[in-house]
>>> print(open('input01.csv').read())   # CSV, C-alpha atoms
chain,number,residue,atom,x,y,z
K,476,MET,CA,161.6,80.6,49.2
K,477,LYS,CA,160.1,77.6,47.5
K,478,SER,CA,160.6,74.1,48.9
K,479,ARG,CA,163.5,72.4,47.2
K,480,ALA,CA,163.7,69.2,49.2
K,481,SER,CA,163.1,66.9,46.3
K,482,ARG,CA,163.9,69.2,43.3
K,483,PRO,CA,165.7,67.1,40.6
K,484,HIS,CA,168.8,68.3,38.7
K,485,ASP,CA,167.7,70.2,35.6
K,486,PRO,CA,170.3,69.5,32.9
K,487,ALA,CA,169.6,73.0,31.6
K,488,GLU,CA,171.0,74.5,34.8
K,489,GLN,CA,174.7,73.9,34.6
K,490,PRO,CA,177.1,74.8,37.4
K,491,GLY,CA,179.2,77.8,36.4
K,492,GLY,CA,176.6,79.3,34.2
K,493,GLY,CA,176.1,82.5,36.2
K,494,ALA,CA,177.3,85.9,35.0
K,495,LEU,CA,178.8,87.1,38.2
K,496,PRO,CA,182.6,87.4,38.5
K,497,GLY,CA,184.6,85.9,41.3
K,498,ARG,CA,185.3,82.3,40.3
K,499,LEU,CA,188.2,80.5,41.9
K,500,SER,CA,191.2,80.0,39.7
K,501,ASP,CA,192.8,76.6,39.7
K,502,GLU,CA,195.9,78.0,41.4
K,503,LEU,CA,193.9,79.5,44.3
K,504,ARG,CA,191.8,76.4,44.6
K,505,ALA,CA,194.9,74.3,45.1
K,506,GLU,CA,196.3,76.9,47.6
K,507,LEU,CA,193.1,76.8,49.7
K,508,ILE,CA,193.1,73.0,49.8
K,509,ALA,CA,196.7,73.1,51.1
K,510,PHE,CA,195.8,75.8,53.6
K,511,ARG,CA,192.9,73.7,54.9
K,512,ARG,CA,195.1,70.7,55.3
K,513,ASP,CA,197.6,72.7,57.2
K,514,LEU,CA,195.0,73.8,59.6
K,515,HIS,CA,193.7,70.3,59.9
K,516,MET,CA,197.1,69.0,60.8
K,517,HIS,CA,197.6,71.7,63.5
K,518,PRO,CA,194.3,72.0,65.4
K,519,GLU,CA,194.0,74.4,68.3
K,520,LEU,CA,191.4,74.7,71.0
K,521,GLY,CA,189.3,77.7,71.8
K,522,ASN,CA,191.2,80.8,72.8
K,523,GLN,CA,194.4,79.0,72.0
K,524,GLU,CA,194.3,79.5,68.2
K,525,PHE,CA,197.6,81.5,67.9
K,526,ARG,CA,199.1,79.6,65.1
K,527,THR,CA,195.8,79.6,63.2
K,528,THR,CA,195.3,83.3,63.7
K,529,ALA,CA,198.9,84.0,62.5
K,530,ALA,CA,198.4,81.9,59.4
K,531,ILE,CA,195.2,83.7,58.4
K,532,LYS,CA,196.7,87.1,59.2
K,533,ASP,CA,199.8,86.4,57.1
K,534,ARG,CA,197.9,85.3,54.0
K,535,LEU,CA,195.5,88.3,54.2
K,536,GLU,CA,198.4,90.7,54.5
K,537,LYS,CA,200.1,89.1,51.5
K,538,ALA,CA,196.9,90.1,49.6
K,539,GLY,CA,197.4,93.7,50.6
K,540,LEU,CA,194.7,93.6,53.3
K,541,LYS,CA,194.9,94.9,56.9
K,542,PRO,CA,193.6,92.3,59.3
K,543,ARG,CA,193.2,93.2,63.0
K,544,VAL,CA,193.6,90.6,65.7
K,545,LEU,CA,190.7,90.6,68.2
K,546,ALA,CA,191.2,92.0,71.7
K,547,VAL,CA,191.2,88.4,73.2
K,548,GLY,CA,194.4,87.7,71.4
K,549,THR,CA,193.1,85.1,68.8
K,550,GLY,CA,190.8,85.5,65.9
K,551,LEU,CA,190.7,88.5,63.7
K,552,MET,CA,188.6,90.8,61.5
K,553,CYS,CA,189.4,92.2,58.1
K,554,ASP,CA,187.7,94.6,55.7
K,555,VAL,CA,187.9,94.0,52.0
K,556,GLY,CA,187.3,97.3,50.3
K,557,GLU,CA,187.1,100.7,51.9
K,558,TRP,CA,184.1,101.2,54.1
K,559,ASP,CA,182.4,104.6,53.5
K,560,GLY,CA,181.2,104.8,57.0
K,561,VAL,CA,177.6,104.8,55.9
K,562,THR,CA,176.7,101.8,53.7
K,563,PRO,CA,176.1,98.8,55.9
K,564,MET,CA,178.6,96.0,55.2
K,565,LEU,CA,178.0,92.3,54.7
K,566,ALA,CA,180.0,90.2,57.1
K,567,LEU,CA,181.3,86.7,56.3
K,568,ARG,CA,181.9,84.7,59.5
K,569,ALA,CA,184.2,81.7,60.1
K,570,ASP,CA,185.0,79.9,63.4
K,571,ILE,CA,188.6,78.7,63.8
K,572,ASP,CA,188.9,76.4,66.9
K,573,ALA,CA,189.1,72.6,67.0
K,574,LEU,CA,187.9,70.0,69.4
K,575,PRO,CA,189.6,68.1,72.3
K,576,ILE,CA,189.2,64.6,70.7
K,577,PRO,CA,191.8,62.4,68.9
K,578,ASP,CA,191.9,62.3,65.1
K,579,THR,CA,191.2,58.7,64.2
K,580,LYS,CA,191.4,59.0,60.4
K,581,ALA,CA,193.8,56.6,58.7
K,582,GLY,CA,195.4,56.9,55.3
K,583,VAL,CA,195.3,60.7,54.9
K,584,PRO,CA,198.4,62.9,54.9
K,585,TYR,CA,196.7,65.7,56.7
K,586,ARG,CA,195.7,63.8,59.9
K,587,SER,CA,196.1,65.9,63.0
K,588,THR,CA,199.7,66.0,64.4
K,589,VAL,CA,198.5,67.2,67.8
K,590,PRO,CA,197.5,64.4,70.3
K,591,ASP,CA,193.8,64.5,71.4
K,592,ARG,CA,193.0,67.5,69.1
K,593,ALA,CA,191.1,67.4,65.9
K,594,HIS,CA,189.1,69.6,63.5
K,595,ALA,CA,186.2,67.3,63.8
K,596,CYS,CA,183.5,69.9,63.2
K,597,GLY,CA,184.7,71.4,59.9
K,598,HIS,CA,185.9,74.7,61.3
K,599,ASP,CA,189.0,74.4,59.2
K,600,VAL,CA,186.8,74.4,56.1
K,601,HIS,CA,184.7,77.3,57.4
K,602,THR,CA,187.9,79.3,57.9
K,603,THR,CA,189.3,78.4,54.5
K,604,THR,CA,186.1,79.3,52.6
K,605,VAL,CA,186.0,82.8,54.3
K,606,LEU,CA,189.7,83.3,53.6
K,607,GLY,CA,189.3,82.2,50.0
K,608,ALA,CA,186.3,84.6,49.6
K,609,GLY,CA,188.3,87.4,51.0
K,610,LEU,CA,191.1,86.8,48.6
K,611,VAL,CA,188.8,86.6,45.6
K,612,LEU,CA,186.9,89.8,46.7
K,613,ALA,CA,190.2,91.6,47.2
K,614,GLY,CA,191.1,90.8,43.6
K,615,LEU,CA,187.7,92.1,42.5
K,616,ASP,CA,188.2,95.3,44.6
K,617,ARG,CA,191.5,96.0,42.8
K,618,GLN,CA,189.6,95.8,39.5
K,619,GLY,CA,186.9,98.1,40.8
K,620,LEU,CA,184.3,95.3,40.7
K,621,LEU,CA,183.4,95.2,44.4
K,622,PRO,CA,180.3,97.3,45.0
K,623,ASN,CA,180.6,97.6,48.8
K,624,ALA,CA,183.1,96.8,51.5
K,625,VAL,CA,182.8,93.3,53.0
K,626,ARG,CA,184.0,92.3,56.5
K,627,LEU,CA,185.7,89.0,57.2
K,628,ILE,CA,185.3,87.6,60.7
K,629,PHE,CA,187.5,84.8,61.9
K,630,GLN,CA,186.1,84.0,65.3
K,631,PRO,CA,187.8,82.0,68.1
K,632,ALA,CA,186.3,79.6,70.6
K,633,GLU,CA,183.0,78.6,69.1
K,634,GLU,CA,183.1,75.4,71.0
K,635,VAL,CA,183.5,77.2,74.4
K,636,LEU,CA,180.3,78.3,76.1
K,637,PRO,CA,178.9,80.9,75.8
K,638,GLY,CA,180.9,81.1,72.6
K,639,GLY,CA,183.7,83.3,71.2
K,640,ALA,CA,181.1,85.3,69.3
K,641,VAL,CA,180.4,87.2,72.5
K,642,ASP,CA,184.1,88.3,72.7
K,643,ALA,CA,184.2,89.0,69.0
K,644,ILE,CA,181.1,91.3,69.2
K,645,GLU,CA,182.7,93.1,72.2
K,646,SER,CA,185.8,93.6,70.0
K,647,GLY,CA,183.7,95.5,67.5
K,648,VAL,CA,183.3,93.1,64.6
K,649,LEU,CA,179.7,94.1,63.9
K,650,GLU,CA,180.4,97.9,63.8
K,651,GLY,CA,179.2,99.0,60.4
K,652,VAL,CA,177.8,95.6,59.6
K,653,GLY,CA,174.2,95.4,58.3
K,654,ARG,CA,174.0,91.6,57.6
K,655,ILE,CA,176.1,88.5,58.5
K,656,ILE,CA,176.2,85.1,56.8
K,657,GLY,CA,178.0,81.9,57.5
K,658,VAL,CA,178.1,78.2,56.7
K,659,HIS,CA,178.4,75.0,58.7
K,660,CYS,CA,179.6,71.7,57.3
K,661,ASP,CA,176.9,69.1,56.9
K,662,PRO,CA,178.1,65.5,56.3
K,663,LYS,CA,174.5,64.5,55.4
K,664,VAL,CA,174.4,66.8,52.4
K,665,ASP,CA,176.3,66.0,49.2
K,666,VAL,CA,179.1,68.3,48.2
K,667,GLY,CA,178.0,70.9,45.6
K,668,ARG,CA,174.7,71.5,47.5
K,669,ILE,CA,173.7,73.7,50.4
K,670,GLY,CA,170.8,73.4,52.9
K,671,LEU,CA,168.7,76.5,53.7
K,672,ARG,CA,166.0,77.1,56.2
K,673,VAL,CA,164.1,80.3,57.2
K,674,GLY,CA,163.7,80.6,60.9
K,675,ALA,CA,165.5,78.6,63.6
K,676,ILE,CA,168.1,76.2,62.1
K,677,THR,CA,169.9,75.2,65.4
K,678,SER,CA,168.8,75.0,69.0
K,679,ALA,CA,169.6,76.7,72.2
K,680,CYS,CA,172.2,74.9,74.3
K,681,ASP,CA,173.0,75.5,77.9
K,682,ARG,CA,175.1,73.6,80.4
K,683,LEU,CA,173.7,72.4,83.8
K,684,GLU,CA,175.9,71.4,86.8
K,685,ILE,CA,174.3,70.2,90.0
K,686,THR,CA,176.0,69.3,93.3
K,687,LEU,CA,174.1,67.5,96.1
K,688,ASP,CA,175.2,67.3,99.7
K,689,GLY,CA,173.9,65.7,102.9
K,690,PRO,CA,174.9,63.5,105.8
K,691,GLY,CA,175.8,60.0,104.5
K,692,GLY,CA,176.1,56.9,106.5
K,693,HIS,CA,175.8,53.1,106.5
K,694,THR,CA,173.6,51.5,103.8
K,695,ALA,CA,172.1,49.4,106.6
K,696,ARG,CA,170.4,52.6,108.0
K,697,PRO,CA,169.4,54.7,105.0
K,698,HIS,CA,166.5,56.2,107.1
K,699,LEU,CA,169.1,58.0,109.2
K,700,THR,CA,170.9,59.5,106.2
K,701,THR,CA,170.3,61.7,103.2
K,702,ASP,CA,170.4,59.0,100.5
K,703,LEU,CA,172.2,61.0,97.8
K,704,VAL,CA,172.5,58.0,95.5
K,705,THR,CA,168.7,57.8,95.3
K,706,ALA,CA,168.4,61.6,95.2
K,707,ALA,CA,170.8,61.8,92.3
K,708,ALA,CA,169.0,59.0,90.5
K,709,ARG,CA,165.6,60.6,91.0
K,710,ILE,CA,166.9,64.0,89.8
K,711,ALA,CA,168.3,62.3,86.7
K,712,VAL,CA,165.0,60.6,85.9
K,713,ASP,CA,162.3,63.0,87.3
K,714,VAL,CA,163.6,66.4,86.4
K,715,PRO,CA,163.6,65.8,82.6
K,716,ALA,CA,160.1,64.3,83.0
K,717,LEU,CA,158.8,67.3,85.0
K,718,LEU,CA,160.2,69.7,82.4
K,719,ALA,CA,158.4,67.9,79.7
K,720,ARG,CA,155.1,68.6,81.4
K,721,ARG,CA,155.8,72.3,82.2
K,722,VAL,CA,156.7,73.6,78.8
K,723,ASP,CA,154.9,73.4,75.5
K,724,ALA,CA,156.0,70.1,73.8
K,725,ARG,CA,156.6,72.1,70.6
K,726,SER,CA,159.4,74.0,72.3
K,727,GLY,CA,161.6,71.0,72.2
K,728,LEU,CA,163.1,71.6,75.6
K,729,ALA,CA,165.2,68.6,76.5
K,730,LEU,CA,167.5,68.0,79.5
K,731,THR,CA,170.0,65.2,78.8
K,732,TRP,CA,172.6,64.1,81.4
K,733,GLY,CA,176.2,63.4,80.4
K,734,ARG,CA,177.7,62.7,83.9
K,735,LEU,CA,176.5,61.4,87.2
K,736,GLU,CA,179.1,60.7,89.9
K,737,THR,CA,178.7,59.7,93.5
K,738,GLY,CA,180.0,57.2,96.1
K,739,HIS,CA,183.1,55.1,96.5
K,740,ALA,CA,182.0,51.9,98.4
K,741,PRO,CA,179.0,49.6,98.1
K,742,ASN,CA,178.1,49.8,101.7
K,743,VAL,CA,178.5,53.6,102.3
K,744,ILE,CA,175.9,56.2,101.4
K,745,PRO,CA,178.0,59.1,100.2
K,746,GLN,CA,177.8,62.7,101.4
K,747,HIS,CA,178.3,64.2,97.9
K,748,ALA,CA,177.0,63.7,94.4
K,749,GLU,CA,177.3,65.5,91.1
K,750,LEU,CA,175.3,65.6,87.9
K,751,SER,CA,176.0,67.5,84.7
K,752,GLY,CA,174.3,67.7,81.3
K,753,THR,CA,172.9,70.0,78.7
K,754,VAL,CA,169.6,71.8,78.2
K,755,ARG,CA,168.6,72.1,74.6
K,756,CYS,CA,165.6,74.0,73.3
K,757,LEU,CA,164.2,74.6,69.8
K,758,ASN,CA,162.2,77.7,70.8
K,759,LEU,CA,163.7,81.1,71.8
K,760,ASP,CA,160.9,82.0,74.3
K,761,ALA,CA,161.2,78.7,76.1
K,762,TRP,CA,165.0,79.0,76.2
K,763,ARG,CA,164.6,82.3,78.0
K,764,ASP,CA,162.3,80.6,80.6
K,765,ALA,CA,164.5,77.5,80.9
K,766,PRO,CA,166.7,78.5,83.9
K,767,ASP,CA,163.8,79.2,86.2
K,768,LEU,CA,162.0,76.0,85.1
K,769,VAL,CA,165.1,73.9,85.7
K,770,HIS,CA,165.9,75.4,89.1
K,771,ALA,CA,162.3,74.8,90.3
K,772,ALA,CA,162.2,71.2,89.1
K,773,VAL,CA,165.6,70.3,90.6
K,774,ASP,CA,164.7,71.9,94.0
K,775,GLU,CA,161.4,70.1,94.0
K,776,VAL,CA,162.9,66.7,93.5
K,777,ALA,CA,165.9,67.2,95.7
K,778,GLY,CA,163.7,68.5,98.5
K,779,MET,CA,161.7,65.3,98.6
K,780,HIS,CA,165.0,63.5,99.5
K,781,ARG,CA,166.3,66.3,101.9
K,782,ALA,CA,169.3,66.9,99.7
K,783,LYS,CA,171.0,70.3,99.7
K,784,THR,CA,171.6,71.5,96.2
K,785,VAL,CA,173.9,73.9,94.4
K,786,ILE,CA,172.8,74.5,90.8
K,787,ASN,CA,175.1,76.1,88.3
K,788,TYR,CA,173.1,76.9,85.2
K,789,VAL,CA,175.5,78.1,82.5
K,790,ARG,CA,174.0,80.1,79.7
K,791,GLY,CA,175.2,78.8,76.4
K,792,VAL,CA,173.7,80.0,73.1
K,793,PRO,CA,170.3,80.8,71.8
K,794,PRO,CA,169.0,79.3,68.6
K,795,VAL,CA,170.3,80.5,65.2
K,796,VAL,CA,167.3,82.1,63.7
K,797,ASN,CA,167.7,82.8,60.0
K,798,ASP,CA,166.3,86.0,58.6
K,799,ALA,CA,164.1,85.4,55.5
K,800,GLU,CA,165.8,88.2,53.4
K,801,SER,CA,169.3,86.8,54.2
K,802,ILE,CA,168.1,83.3,53.2
K,803,GLY,CA,166.9,84.9,50.0
K,804,LEU,CA,170.4,86.3,49.4
K,805,LEU,CA,172.0,82.9,49.9
K,806,ASP,CA,169.4,81.3,47.7
K,807,ALA,CA,170.1,83.8,44.9
K,808,ALA,CA,173.8,83.4,45.3
K,809,MET,CA,173.8,79.6,45.1
K,810,THR,CA,171.4,79.7,42.2
K,811,GLU,CA,173.7,82.1,40.4
K,812,ARG,CA,176.7,79.8,41.0
K,813,ARG,CA,175.4,76.3,40.8
K,814,GLY,CA,171.7,76.4,39.7
K,815,SER,CA,168.7,76.2,42.0
K,816,TYR,CA,168.8,72.4,42.0
K,817,ALA,CA,171.9,72.7,44.2
K,818,ILE,CA,169.7,74.0,47.1
K,819,GLU,CA,167.7,71.8,49.4
K,820,ASP,CA,165.6,72.4,52.5
K,821,THR,CA,167.2,71.5,55.8
K,822,GLU,CA,165.8,70.7,59.2
K,823,GLN,CA,166.3,72.4,62.6
K,824,SER,CA,168.9,70.6,64.5
K,825,LEU,CA,169.4,70.2,68.3
K,826,GLY,CA,173.0,71.3,68.0
K,827,GLY,CA,174.1,74.7,69.3
K,828,GLU,CA,176.0,77.4,67.4
K,829,ASP,CA,177.2,80.7,68.8
K,830,PHE,CA,176.5,82.3,65.4
K,831,SER,CA,173.2,83.0,67.1
K,832,TRP,CA,174.8,85.8,69.2
K,833,TYR,CA,175.5,87.8,66.0
K,834,LEU,CA,171.8,87.4,64.9
K,835,GLU,CA,170.8,89.0,68.2
K,836,GLN,CA,172.4,92.1,66.9
K,837,VAL,CA,172.0,92.1,63.1
K,838,PRO,CA,170.0,90.1,60.6
K,839,GLY,CA,171.7,87.2,58.9
K,840,ALA,CA,171.6,83.5,58.1
K,841,MET,CA,173.7,80.3,58.3
K,842,ALA,CA,173.6,77.7,55.5
K,843,ARG,CA,174.5,74.1,55.7
K,844,LEU,CA,177.4,73.3,53.4
K,845,GLY,CA,177.4,69.9,51.8
K,846,VAL,CA,180.7,68.0,52.4
K,847,ARG,CA,179.7,64.4,51.6
K,848,THR,CA,181.2,62.8,48.5
K,849,PRO,CA,178.2,61.6,46.5
K,850,GLY,CA,177.8,57.8,47.1
K,851,ASP,CA,179.9,57.8,50.3
K,852,THR,CA,178.2,55.4,52.7
K,853,ARG,CA,180.6,55.7,55.6
K,854,GLY,CA,178.1,57.8,57.6
K,855,LEU,CA,180.7,60.3,58.9
K,856,ASP,CA,179.4,62.8,61.4
K,857,LEU,CA,180.4,65.9,63.3
K,858,HIS,CA,182.4,65.6,66.6
K,859,ARG,CA,183.8,62.2,65.7
K,860,GLY,CA,187.4,61.5,65.3
K,861,ASN,CA,187.1,60.2,61.8
K,862,PHE,CA,185.2,63.2,60.4
K,863,ASP,CA,186.4,64.4,57.0
K,864,VAL,CA,185.1,66.3,54.1
K,865,ASP,CA,185.1,66.3,50.3
K,866,GLU,CA,187.4,69.3,49.7
K,867,GLU,CA,185.3,70.4,46.7
K,868,ALA,CA,183.2,72.0,49.4
K,869,ILE,CA,185.8,74.7,49.7
K,870,THR,CA,185.2,75.9,46.2
K,871,VAL,CA,181.4,75.8,46.8
K,872,GLY,CA,181.7,77.8,50.0
K,873,VAL,CA,184.0,80.5,48.4
K,874,GLU,CA,181.7,80.9,45.4
K,875,LEU,CA,178.6,81.1,47.6
K,876,PHE,CA,180.2,83.8,49.8
K,877,THR,CA,181.6,85.8,46.8
K,878,ALA,CA,178.3,85.8,45.0
K,879,SER,CA,176.5,86.8,48.2
K,880,ALA,CA,178.8,89.8,48.6
K,881,LEU,CA,178.3,90.9,45.0
K,882,LEU,CA,174.6,90.5,45.0
K,883,ASP,CA,174.2,92.2,48.4
K,884,GLY,CA,176.3,95.1,47.3
K,885,ASN,CA,174.2,95.6,44.2
K,886,ARG,CA,170.8,95.7,45.9
>>> encode(input="input01.csv", output="structure tokens")
Amino acid sequence: MKSRASRPHDPAEQPGGGALPGRLSDELRAELIAFRRDLHMHPELGNQEFRTTAAIKDRLEKAGLKPRVLAVGTGLMCDVGEWDGVTPMLALRADIDALPIPDTKAGVPYRSTVPDRAHACGHDVHTTTVLGAGLVLAGLDRQGLLPNAVRLIFQPAEEVLPGGAVDAIESGVLEGVGRIIGVHCDPKVDVGRIGLRVGAITSACDRLEITLDGPGGHTARPHLTTDLVTAAARIAVDVPALLARRVDARSGLALTWGRLETGHAPNVIPQHAELSGTVRCLNLDAWRDAPDLVHAAVDEVAGMHRAKTVINYVRGVPPVVNDAESIGLLDAAMTERRGSYAIEDTEQSLGGEDFSWYLEQVPGAMARLGVRTPGDTRGLDLHRGNFDVDEEAITVGVELFTASALLDGNR
């Protein structure tokens, strides 16, 4: 794929100029915006998305489809068209869970109605685009215009390590699937555009929890104690530094702490300390080596201070590694719908995404879906309480998915 990072808008390439069917009607567009706003007002955390699952299921059934709730009780899968049992299907994936943070937006009628819960990562948009694509494709199937069956996957618990994708795969969502695609909202990309990248587009993300124990004592006699405050401080500083010297710098392995807790009084050396943080890695091979490297570095530093350690290294997700052919499909679909000027290069981020687990099984790709209103200078970002999107992104996402399904089926 050619670099498109700075490609200007060619006036000869007008949005809507492609020949493929599957455009959104004004009626369906309005319905999808209302559906997204309803989800936004009623966010649910991972593995608790019962209302969300019911709403998706109800709308698919009204379209004559037969969704199946996943074995874990939330999330669902649904085939559009009759699978012949032989031809690999294209899967469209959405994640449906929200985040445990308050919605701080003001002046919008769809602000979250649930205290300390918000769709601050755009999963409501992801869900709505896949639902909309399914409804459009179902209409094409009734007209005999859908070349191959397409699977819709509405996955729970993306925000819960190691990710609801693991449970979805165990429920059989990839049976018969030959390729999977998805989108993720990007508030740094203007609405009407998508960002594409061949290779890794996200990073691996694991969770690390460490407990330290030892005989405490009086701060007047630290030589008679295990000074856990100093031990915890040295682990916090020295372990990331050691890791930086034990892996190739190009791997991007980074340990960052989010919590360090120990002690209750200024003149008492405590007997217990805890640290927790995340390990992120740009490179798949380095990610596979990370647990052993982290264990060795923690034990080395803790041993210098005679601290007993318990290390809980929680595997999260590997990087999302986009397949070149799948990126080519998304490129062709967006070019068909909006013109090639609507595609830009995107960088690999340090964020984690459990879409990666699907790509361990089948080829596929994730695109970044622009959600920023052109000219908006607010600097909105993911995982913040004021996050919001330009709802034109729903139309863009639906058209991208429907074009991808039609082009993939005609290959």
>>> closest_residue(input="input01.csv", among="K:Thr870, K:Asp774, K:Gln630, K:Tyr788", to="Glu645 of chain K", atoms="all atoms listed in the file")
K:Gln630
>>> closest_residue(input="input01.csv", among="K:Ala765, K:Leu574, K:Ala808, K:Leu565", to="Gly597 of chain K", atoms="all atoms listed in the file")
K:Leu574
>>> residues_around(input="input01.csv", residues="Val871 of chain K", least_positions_apart="4", cutoff="7 Å", atoms="only C-alpha atoms", output="number ranges by chain")
K: 667, 867, 875
>>> atom_distance(input="input01.csv", atom1="atom CA of Val864 of chain K", atom2="atom CA of Asp513 of chain K")
14.4 Å
>>> closest_residue(input="input01.csv", among="K:Leu495, K:Ala595, K:Val769, K:Ala706", to="Thr877 of chain K", atoms="only C-alpha atoms")
K:Leu495
>>> residues_around(input="input01.csv", residues="Phe876 of chain K", least_positions_apart="5", cutoff="12 Å", atoms="all atoms listed in the file", output="ChimeraX atom specification")
/K:497-499,565-569,601,603-612,625-627,655-658,804-809,811-812,840-842,844,869-871,881-883
>>> residues_near_point(input="input01.csv", point="(175.7, 71.7, 50.0)", cutoff="8 Å", atoms="only C-alpha atoms", output="ChimeraX atom specification")
/K:661,664-670,817-818,843-846,868,871
>>> write_last_selection(input="input01.csv", atoms="C-alpha atoms", output="PDB file, in the coordinates of the input")
ATOM      1  CA  ASP K 661     176.900  69.100  56.900  1.00  0.00           C
ATOM      2  CA  VAL K 664     174.400  66.800  52.400  1.00  0.00           C
ATOM      3  CA  ASP K 665     176.300  66.000  49.200  1.00  0.00           C
ATOM      4  CA  VAL K 666     179.100  68.300  48.200  1.00  0.00           C
ATOM      5  CA  GLY K 667     178.000  70.900  45.600  1.00  0.00           C
ATOM      6  CA  ARG K 668     174.700  71.500  47.500  1.00  0.00           C
ATOM      7  CA  ILE K 669     173.700  73.700  50.400  1.00  0.00           C
ATOM      8  CA  GLY K 670     170.800  73.400  52.900  1.00  0.00           C
ATOM      9  CA  ALA K 817     171.900  72.700  44.200  1.00  0.00           C
ATOM     10  CA  ILE K 818     169.700  74.000  47.100  1.00  0.00           C
ATOM     11  CA  ARG K 843     174.500  74.100  55.700  1.00  0.00           C
ATOM     12  CA  LEU K 844     177.400  73.300  53.400  1.00  0.00           C
ATOM     13  CA  GLY K 845     177.400  69.900  51.800  1.00  0.00           C
ATOM     14  CA  VAL K 846     180.700  68.000  52.400  1.00  0.00           C
ATOM     15  CA  ALA K 868     183.200  72.000  49.400  1.00  0.00           C
ATOM     16  CA  VAL K 871     181.400  75.800  46.800  1.00  0.00           C
TER      17      VAL K 871
END
>>> build_atoms(input="input01.csv", residues="segment 684-695 of chain K", atoms="N, CA, C and O atoms", output="PDB file, in the frame of the given file")
ATOM      1  N   GLU K 684     175.039  72.088  85.805  1.00  0.00           N
ATOM      2  CA  GLU K 684     175.900  71.400  86.800  1.00  0.00           C
ATOM      3  C   GLU K 684     175.172  71.422  88.134  1.00  0.00           C
ATOM      4  O   GLU K 684     174.809  72.497  88.600  1.00  0.00           O
ATOM      5  N   ILE K 685     175.002  70.266  88.762  1.00  0.00           N
ATOM      6  CA  ILE K 685     174.300  70.200  90.000  1.00  0.00           C
ATOM      7  C   ILE K 685     175.188  69.438  91.042  1.00  0.00           C
ATOM      8  O   ILE K 685     175.730  68.369  90.722  1.00  0.00           O
ATOM      9  N   THR K 686     175.331  69.984  92.221  1.00  0.00           N
ATOM     10  CA  THR K 686     176.000  69.300  93.300  1.00  0.00           C
ATOM     11  C   THR K 686     174.962  69.032  94.408  1.00  0.00           C
ATOM     12  O   THR K 686     174.146  69.910  94.715  1.00  0.00           O
ATOM     13  N   LEU K 687     174.999  67.854  94.996  1.00  0.00           N
ATOM     14  CA  LEU K 687     174.100  67.500  96.100  1.00  0.00           C
ATOM     15  C   LEU K 687     174.944  67.130  97.312  1.00  0.00           C
ATOM     16  O   LEU K 687     175.979  66.466  97.196  1.00  0.00           O
ATOM     17  N   ASP K 688     174.486  67.571  98.468  1.00  0.00           N
ATOM     18  CA  ASP K 688     175.200  67.300  99.700  1.00  0.00           C
ATOM     19  C   ASP K 688     174.216  66.903 100.807  1.00  0.00           C
ATOM     20  O   ASP K 688     173.043  67.317 100.808  1.00  0.00           O
ATOM     21  N   GLY K 689     174.702  66.092 101.742  1.00  0.00           N
ATOM     22  CA  GLY K 689     173.900  65.700 102.900  1.00  0.00           C
ATOM     23  C   GLY K 689     174.661  64.684 103.733  1.00  0.00           C
ATOM     24  O   GLY K 689     175.688  64.152 103.289  1.00  0.00           O
ATOM     25  N   PRO K 690     174.200  64.440 104.938  1.00  0.00           N
ATOM     26  CA  PRO K 690     174.900  63.500 105.800  1.00  0.00           C
ATOM     27  C   PRO K 690     174.728  62.048 105.243  1.00  0.00           C
ATOM     28  O   PRO K 690     173.619  61.573 105.032  1.00  0.00           O
ATOM     29  N   GLY K 691     175.849  61.417 104.975  1.00  0.00           N
ATOM     30  CA  GLY K 691     175.800  60.000 104.500  1.00  0.00           C
ATOM     31  C   GLY K 691     175.728  59.079 105.657  1.00  0.00           C
ATOM     32  O   GLY K 691     175.347  59.443 106.771  1.00  0.00           O
ATOM     33  N   GLY K 692     176.118  57.843 105.400  1.00  0.00           N
ATOM     34  CA  GLY K 692     176.100  56.900 106.500  1.00  0.00           C
ATOM     35  C   GLY K 692     176.114  55.445 105.954  1.00  0.00           C
ATOM     36  O   GLY K 692     176.444  55.188 104.784  1.00  0.00           O
ATOM     37  N   HIS K 693     175.741  54.532 106.800  1.00  0.00           N
ATOM     38  CA  HIS K 693     175.800  53.100 106.500  1.00  0.00           C
ATOM     39  C   HIS K 693     174.562  52.743 105.645  1.00  0.00           C
ATOM     40  O   HIS K 693     173.445  53.211 105.896  1.00  0.00           O
ATOM     41  N   THR K 694     174.778  51.864 104.669  1.00  0.00           N
ATOM     42  CA  THR K 694     173.600  51.500 103.800  1.00  0.00           C
ATOM     43  C   THR K 694     172.642  50.604 104.594  1.00  0.00           C
ATOM     44  O   THR K 694     171.524  50.386 104.118  1.00  0.00           O
ATOM     45  N   ALA K 695     173.023  50.159 105.807  1.00  0.00           N
ATOM     46  CA  ALA K 695     172.100  49.400 106.600  1.00  0.00           C
ATOM     47  C   ALA K 695     171.046  50.340 107.286  1.00  0.00           C
ATOM     48  O   ALA K 695     170.005  49.879 107.764  1.00  0.00           O
TER      49      ALA K 695
END
